[in-house]
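Participant: Structure file query-v4.tsv, TSV, C-alpha atoms, is pasted below:
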chain	number	residue	atom	x	y	z
A	21	MET	CA	0.00	0.00	0.00
A	22	LYS	CA	1.31	3.45	-0.86
A	23	ASN	CA	1.94	5.96	1.92
A	24	ALA	CA	-0.69	8.29	0.47
A	25	ASP	CA	-3.28	5.49	0.53
A	26	LEU	CA	-2.44	4.57	4.12
A	27	ASN	CA	-2.63	8.17	5.32
A	28	MET	CA	-5.94	8.61	3.53
A	29	VAL	CA	-7.44	5.56	5.24
A	30	ARG	CA	-6.15	6.56	8.68
A	31	LEU	CA	-7.57	10.05	8.37
A	32	VAL	CA	-10.99	8.79	7.31
A	33	SER	CA	-10.97	6.11	10.03
A	34	TRP	CA	-10.53	8.86	12.60
A	35	LEU	CA	-13.38	10.92	11.13
A	36	VAL	CA	-15.79	7.98	11.08
A	37	LEU	CA	-14.80	6.87	14.56
A	38	MET	CA	-15.66	10.35	15.83
A	39	VAL	CA	-19.17	9.85	14.45
A	40	PHE	CA	-19.42	6.46	16.17
A	41	ALA	CA	-18.27	7.93	19.47
A	42	LEU	CA	-21.07	10.49	19.33
A	43	LEU	CA	-23.95	8.45	17.91
A	44	CYS	CA	-23.36	4.72	18.17
A	45	VAL	CA	-23.79	3.72	21.80
A	46	GLY	CA	-25.21	0.22	21.56
A	47	PRO	CA	-27.94	-1.25	23.80
A	48	GLY	CA	-26.81	-1.57	27.39
A	49	MET	CA	-23.53	0.30	26.85
A	50	ALA	CA	-22.65	3.04	29.30
A	51	MET	CA	-20.92	6.12	27.98
A	52	GLU	CA	-17.91	5.52	30.23
A	53	GLU	CA	-17.39	2.14	28.49
A	54	MET	CA	-16.75	3.74	25.14
A	55	THR	CA	-13.20	3.97	23.78
A	56	PRO	CA	-11.94	7.60	23.86
A	57	THR	CA	-11.60	9.13	20.42
A	58	PRO	CA	-7.91	8.85	19.54
A	59	THR	CA	-5.93	11.39	17.58
A	60	VAL	CA	-3.91	10.78	14.43
A	61	THR	CA	-1.23	12.61	12.50
A	62	PRO	CA	-2.75	14.74	9.69
A	63	VAL	CA	-2.02	13.81	6.09
A	64	PRO	CA	1.39	15.33	5.24
A	65	LEU	CA	1.48	17.99	2.56
A	66	GLY	CA	2.14	16.57	-0.86
A	67	MET	CA	0.66	13.16	0.01
A	68	GLU	CA	-3.01	13.92	-0.56
A	69	PRO	CA	-4.87	11.74	-3.12
A	70	THR	CA	-4.85	13.13	-6.62
A	71	PRO	CA	-8.30	14.59	-7.43
A	72	VAL	CA	-10.19	13.48	-10.51
A	73	PRO	CA	-12.26	16.02	-12.49
A	74	PRO	CA	-16.04	15.53	-12.33
A	75	GLY	CA	-17.37	13.42	-15.20
A	76	GLN	CA	-20.67	12.43	-16.69
A	77	PRO	CA	-23.21	10.50	-14.58
A	78	HIS	CA	-22.28	6.83	-14.46
A	79	ALA	CA	-22.56	3.75	-12.28
A	80	MET	CA	-19.76	1.99	-10.42
A	81	VAL	CA	-20.37	-1.56	-9.21
A	82	GLU	CA	-17.72	-3.63	-7.45
A	83	GLU	CA	-18.80	-7.24	-7.00
A	84	LEU	CA	-15.65	-8.08	-4.99
A	85	ALA	CA	-14.75	-10.94	-7.32
A	86	GLY	CA	-10.98	-10.33	-7.05
A	87	ASP	CA	-8.63	-12.37	-4.87
A	88	ASP	CA	-7.43	-9.49	-2.66
A	89	LEU	CA	-7.83	-5.79	-1.94
A	90	SER	CA	-5.73	-4.55	-4.85
A	91	ALA	CA	-7.53	-6.78	-7.34
A	92	ASN	CA	-10.77	-5.10	-6.27
A	93	GLN	CA	-9.31	-1.56	-6.36
A	94	LEU	CA	-9.65	-1.21	-2.58
A	95	VAL	CA	-7.47	-0.26	0.38
A	96	ALA	CA	-8.09	-1.05	4.05
A	97	SER	CA	-6.78	-0.07	7.45
A	98	PRO	CA	-8.03	-0.40	11.03
A	99	PRO	CA	-9.67	2.69	12.54
A	100	ALA	CA	-7.50	4.47	15.09
A	101	GLY	CA	-7.55	2.54	18.37
A	102	PHE	CA	-8.47	-0.82	16.77
A	103	PHE	CA	-6.50	-3.78	15.45
A	104	SER	CA	-6.82	-5.29	11.98
A	105	PRO	CA	-9.24	-8.21	11.57
A	106	LYS	CA	-8.78	-11.07	9.12
A	107	LEU	CA	-10.05	-10.31	5.60
A	108	SER	CA	-10.60	-13.28	3.27
A	109	PHE	CA	-11.64	-12.87	-0.37
A	110	GLY	CA	-13.45	-15.73	-2.04
A	111	PRO	CA	-16.57	-17.83	-1.37
A	112	ILE	CA	-19.17	-16.41	1.02
A	113	PRO	CA	-22.69	-17.68	1.78
A	114	ASP	CA	-24.70	-17.72	-1.45
A	115	ARG	CA	-28.04	-16.18	-0.55
A	116	PRO	CA	-30.33	-13.56	-2.09
A	117	GLY	CA	-28.30	-10.34	-2.26
A	118	SER	CA	-24.97	-12.04	-3.01
A	119	ASP	CA	-23.53	-14.07	-5.87
A	120	GLY	CA	-21.59	-16.19	-3.38
A	121	ARG	CA	-18.25	-14.42	-3.80
A	122	GLY	CA	-17.07	-11.43	-1.77
A	123	VAL	CA	-15.06	-10.71	1.38
A	124	ARG	CA	-15.33	-12.34	4.78
A	125	ILE	CA	-14.32	-10.16	7.75
A	126	ASP	CA	-13.60	-11.99	11.03
A	127	LEU	CA	-13.51	-9.62	13.99
A	128	ALA	CA	-12.43	-10.38	17.54
A	129	PRO	CA	-13.23	-7.77	20.23
A	130	GLY	CA	-11.15	-4.65	19.64
A	131	GLN	CA	-10.77	-5.26	15.91
A	132	GLY	CA	-12.14	-3.16	13.06
A	133	THR	CA	-11.50	-2.17	9.48
A	134	LEU	CA	-12.33	0.63	7.08
A	135	ILE	CA	-12.37	-0.45	3.42
A	136	ILE	CA	-12.21	2.37	0.85
A	137	SER	CA	-12.41	2.46	-2.94
A	138	LEU	CA	-8.92	3.27	-4.19
A	139	GLU	CA	-9.95	5.20	-7.29
A	140	PRO	CA	-11.97	8.45	-6.92
A	141	ILE	CA	-15.44	8.11	-8.47
A	142	PRO	CA	-16.87	11.07	-10.45
A	143	VAL	CA	-20.62	11.66	-10.12
A	144	GLN	CA	-23.09	14.26	-11.29
A	145	GLY	CA	-25.08	15.82	-8.45
A	146	LEU	CA	-26.68	13.33	-6.07
A	147	ALA	CA	-25.36	9.79	-5.95
A	148	ARG	CA	-26.74	6.65	-4.33
A	149	VAL	CA	-24.02	4.73	-2.47
A	150	SER	CA	-24.76	1.11	-1.48
A	151	ALA	CA	-23.22	-2.00	0.04
A	152	THR	CA	-24.65	-5.46	0.66
A	153	PHE	CA	-23.62	-7.32	3.82
A	154	ARG	CA	-24.59	-9.98	6.32
A	155	ALA	CA	-23.41	-10.27	9.93
A	156	ASP	CA	-23.64	-13.23	12.29
A	157	SER	CA	-24.08	-11.13	15.46
A	158	GLN	CA	-25.40	-7.77	16.61
A	159	ALA	CA	-22.31	-6.91	18.66
A	160	LEU	CA	-20.96	-4.66	15.91
A	161	THR	CA	-21.13	-1.12	14.60
A	162	ILE	CA	-21.32	-0.92	10.79
A	163	ALA	CA	-21.22	2.16	8.59
A	164	LEU	CA	-21.37	3.01	4.91
A	165	VAL	CA	-19.44	6.19	4.14
A	166	ALA	CA	-19.15	8.53	1.16
A	167	LEU	CA	-16.20	10.91	1.24
A	168	ASN	CA	-15.65	14.03	-0.79
A	169	SER	CA	-12.48	13.73	-2.89
A	170	PRO	CA	-9.84	14.91	-2.26
A	171	ILE	CA	-10.62	13.99	1.34
A	172	ASP	CA	-11.23	17.14	3.38
A	173	GLY	CA	-13.55	16.05	6.19
A	174	GLN	CA	-16.82	16.40	4.22
A	175	ILE	CA	-18.61	13.05	4.43
A	176	GLY	CA	-22.01	11.41	4.28
A	177	TYR	CA	-22.71	8.23	6.24
A	178	SER	CA	-25.33	5.66	7.18
A	179	ASN	CA	-24.69	3.48	10.22
A	180	ILE	CA	-26.38	0.69	12.15
A	181	THR	CA	-25.63	-1.17	15.36
A	182	GLY	CA	-27.18	-3.59	17.85
A	183	TYR	CA	-30.75	-4.65	17.14
A	184	GLU	CA	-30.70	-2.80	13.81
A	185	ILE	CA	-28.44	-5.53	12.39
A	186	ASN	CA	-30.32	-8.39	10.69
A	187	THR	CA	-28.36	-11.60	11.25
A	188	HIS	CA	-30.59	-13.85	9.13
A	189	ALA	CA	-30.08	-12.47	5.62
A	190	TYR	CA	-28.11	-10.08	3.45
A	191	ARG	CA	-29.32	-6.51	3.55
A	192	SER	CA	-28.45	-3.35	1.70
A	193	LEU	CA	-27.04	-0.30	3.48
A	194	ASP	CA	-27.62	2.86	1.45
A	195	LEU	CA	-27.11	6.59	1.51
A	196	VAL	CA	-27.57	9.54	-0.86
A	197	TYR	CA	-24.71	12.02	-1.06
A	198	ALA	CA	-23.71	14.94	-3.27
A	199	PRO	CA	-19.93	15.48	-3.00
A	200	PRO	CA	-19.10	19.20	-3.26
A	201	SER	CA	-16.22	18.42	-5.65
A	202	GLY	CA	-18.30	16.09	-7.84
A	203	VAL	CA	-15.95	13.21	-6.92
A	204	LEU	CA	-16.19	10.73	-4.05
A	205	HIS	CA	-14.66	7.66	-2.41
A	206	LEU	CA	-16.88	4.84	-1.11
A	207	GLY	CA	-16.10	3.39	2.31
A	208	PHE	CA	-17.39	0.49	4.43
A	209	GLN	CA	-16.43	0.30	8.10
A	210	VAL	CA	-17.14	-2.36	10.70
A	211	VAL	CA	-15.81	-2.43	14.28
A	212	ASN	CA	-16.17	-4.83	17.18
A	213	MET	CA	-15.80	-2.72	20.33
A	214	PRO	CA	-13.01	-3.68	22.78
A	215	PHE	CA	-15.52	-4.31	25.58
A	216	SER	CA	-17.54	-6.75	23.44
A	217	SER	CA	-17.62	-10.37	24.61
A	218	LEU	CA	-18.30	-11.82	21.14
A	219	SER	CA	-16.24	-12.50	18.05
A	220	SER	CA	-18.21	-11.82	14.87
A	221	THR	CA	-18.11	-12.37	11.12
A	222	VAL	CA	-19.35	-10.03	8.40
A	223	TYR	CA	-19.80	-11.01	4.74
A	224	LEU	CA	-19.54	-8.06	2.33
A	225	ASP	CA	-20.56	-7.92	-1.33
A	226	ASN	CA	-21.69	-5.52	-4.07
A	227	LEU	CA	-20.29	-2.06	-3.41
A	228	SER	CA	-21.91	0.44	-5.77
A	229	VAL	CA	-22.18	4.14	-6.62
A	230	GLU	CA	-24.87	5.38	-9.00
A	231	SER	CA	-25.62	8.95	-10.07
A	232	LEU	CA	-29.27	9.84	-9.56
A	233	GLU	CA	-31.29	11.59	-12.22
A	234	LEU	CA	-34.16	13.27	-10.40
A	235	PRO	CA	-37.43	13.67	-12.32
A	236	VAL	CA	-38.49	17.19	-13.18
A	237	GLY	CA	-41.99	17.83	-11.88
A	238	GLU	CA	-44.67	20.26	-12.96
A	239	PRO	CA	-45.14	23.37	-10.82
A	240	VAL	CA	-48.40	23.54	-8.88
A	241	SER	CA	-50.15	26.87	-8.68
A	242	LEU	CA	-52.00	27.64	-5.45
A	243	VAL	CA	-54.79	30.06	-6.28
A	244	VAL	CA	-56.95	31.03	-3.33
A	245	PRO	CA	-59.41	33.87	-2.73
A	246	GLY	CA	-58.13	36.97	-1.06
A	247	ASP	CA	-60.07	36.51	2.21
A	248	PHE	CA	-58.86	34.10	4.87
A	249	ASP	CA	-62.08	32.13	5.54
A	250	SER	CA	-62.78	31.31	1.89
A	251	GLY	CA	-59.16	30.46	1.24
A	252	LEU	CA	-59.15	27.72	3.88
A	253	LYS	CA	-61.66	25.68	1.82
A	254	ASP	CA	-59.22	25.45	-1.10
A	255	LEU	CA	-56.13	24.40	0.90
Using the file provided, produce a representation of the structure as structure tokens.
Facilitator:
Amino acid sequence: MKNADLNMVRLVSWLVLMVFALLCVGPGMAMEEMTPTPTVTPVPLGMEPTPVPPGQPHAMVEELAGDDLSANQLVASPPAGFFSPKLSFGPIPDRPGSDGRGVRIDLAPGQGTLIISLEPIPVQGLARVSATFRADSQALTIALVALNSPIDGQIGYSNITGYEINTHAYRSLDLVYAPPSGVLHLGFQVVNMPFSSLSSTVYLDNLSVESLELPVGEPVSLVVPGDFDSGLKDL
């Protein structure tokens, strides 16, 4: 992994972990149990990812059919304060929502990973960002992240934890995001908190980004009489 890629992942891991620290207190967890938000070294000057000019609307779908991170145009690193889990590319449970090939993430307590698309993805306006996953326990915090490129702290995210995690089937995690630069990186993060008593497995498949073309509606004219009482009948 290049130094620029590693610094990019570490910076984003810190940003997403800050969101978790504020919003993702699972059922039965006291605030004092949560891991303090660690600090990281900022990305050195001259090592920022190279921006890509905005392009025409298009779709990006990564079915995770490659044998490793680089073959799938991805990079990964543990969020600050966590250790790396085991990532295995290849066969995963073949159920509705997956073609049976993707990445298996095995997480012991205190382990986590943030997986990010290596190449910046140009979009036009709003984009739908999606990932399909299945977890075997609810002792996790999972997030889908869209990051403005070059990475500057502007992000969109959708996260679930605890009872929100369906352990019986694959499900899609989605968000809609309009990167200010017209270019984004897709990210998927899963962490197993250090105070958890369970090891867990997540199966990940089908990362996608799709530009949205919103329909243009017809304007509706509201014509009401000038007096208040009569106007209420037409509202």
Participant: From the list A:Ser104, A:Ser216, A:Ser157, A:Ser178, which residue is nearest Tyr197 in chain A when using all atoms listed in the file?
Facilitator: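 The shortest atom-to-atom distance to Tyr197 in chain A comes from A:Ser178.
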Participant: At a cut-off of 9 Å around the point (-7.4, -8.3, 4.0) (file coordinates), what residues fall inside when counting only C-alpha atoms? I'd like the answer as a list in words.
Facilitator: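 Looking at atoms near the point gives Asp88, Leu89, Val95, Ala96, Ser97, Ser104, Pro105, Lys106, Leu107, Ser108, Phe109, Val123, Arg124 and Ile125 of chain A.
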Participant: How close does range 218-237 of chain A get to range 135-155 of chain A? List, as a Markdown table, each residue of range 218-237 of chain A within 8 Å, its nearest atom pair and the distance in Å to one decimal, counting only C-alpha atoms.
Facilitator:
| residue | atom | partner | partner_atom | distance |
| --- | --- | --- | --- | --- |
| A:Ser220 | CA | A:Ala155 | CA | 7.3 |
| A:Thr221 | CA | A:Ala155 | CA | 5.8 |
| A:Val222 | CA | A:Ala155 | CA | 4.3 |
| A:Tyr223 | CA | A:Arg154 | CA | 5.1 |
| A:Leu224 | CA | A:Phe153 | CA | 4.4 |
| A:Asp225 | CA | A:Thr152 | CA | 5.2 |
| A:Asn226 | CA | A:Thr152 | CA | 5.6 |
| A:Leu227 | CA | A:Ala151 | CA | 4.5 |
| A:Ser228 | CA | A:Ser150 | CA | 5.2 |
| A:Val229 | CA | A:Val149 | CA | 4.6 |
| A:Glu230 | CA | A:Arg148 | CA | 5.2 |
| A:Ser231 | CA | A:Ala147 | CA | 4.2 |
| A:Leu232 | CA | A:Ala147 | CA | 5.3 |
| A:Glu233 | CA | A:Leu146 | CA | 7.9 |
Participant: Would you output that residue set with C-alpha atoms, as a PDB file, in the frame of the given file?
Facilitator:
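Result saved to again.pdb:
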ATOM      1  CA  SER A 220     -18.210 -11.820  14.870  1.00  0.00           C
ATOM      2  CA  THR A 221     -18.110 -12.370  11.120  1.00  0.00           C
ATOM      3  CA  VAL A 222     -19.350 -10.030   8.400  1.00  0.00           C
ATOM      4  CA  TYR A 223     -19.800 -11.010   4.740  1.00  0.00           C
ATOM      5  CA  LEU A 224     -19.540  -8.060   2.330  1.00  0.00           C
ATOM      6  CA  ASP A 225     -20.560  -7.920  -1.330  1.00  0.00           C
ATOM      7  CA  ASN A 226     -21.690  -5.520  -4.070  1.00  0.00           C
ATOM      8  CA  LEU A 227     -20.290  -2.060  -3.410  1.00  0.00           C
ATOM      9  CA  SER A 228     -21.910   0.440  -5.770  1.00  0.00           C
ATOM     10  CA  VAL A 229     -22.180   4.140  -6.620  1.00  0.00           C
ATOM     11  CA  GLU A 230     -24.870   5.380  -9.000  1.00  0.00           C
ATOM     12  CA  SER A 231     -25.620   8.950 -10.070  1.00  0.00           C
ATOM     13  CA  LEU A 232     -29.270   9.840  -9.560  1.00  0.00           C
ATOM     14  CA  GLU A 233     -31.290  11.590 -12.220  1.00  0.00           C
TER      15      GLU A 233
END
Participant: Find the distance between CA of Ile162 in chain A and CA of Pro199 in chain A and write it in Å to one decimal.
Facilitator: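 Spanning CA of Ile162 in chain A to CA of Pro199 in chain A is a straight-line distance of 21.5 Å.
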Participant: Once you count all atoms listed in the file, which residues end up no further than 7 Å from (-17.9, 6.7, 1.8) in the file's frame, shown as a PyMOL selection string?
Facilitator: chain A and resi 164-167+175-177+205-208
Participant: What does the distance between CA of Arg121 in chain A and CA of Glu82 in chain A come to in Å, to one decimal place?
Facilitator: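 Straight-line distance from CA of Arg121 in chain A to CA of Glu82 in chain A works out to 11.4 Å.
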Participant: Determine the nearest neighbour of Thr187 in chain A from the options A:Phe103, A:Asp87, A:Gly202, A:Ala159, counting only C-alpha atoms.
Facilitator: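 Nearest to Thr187 in chain A: A:Ala159.
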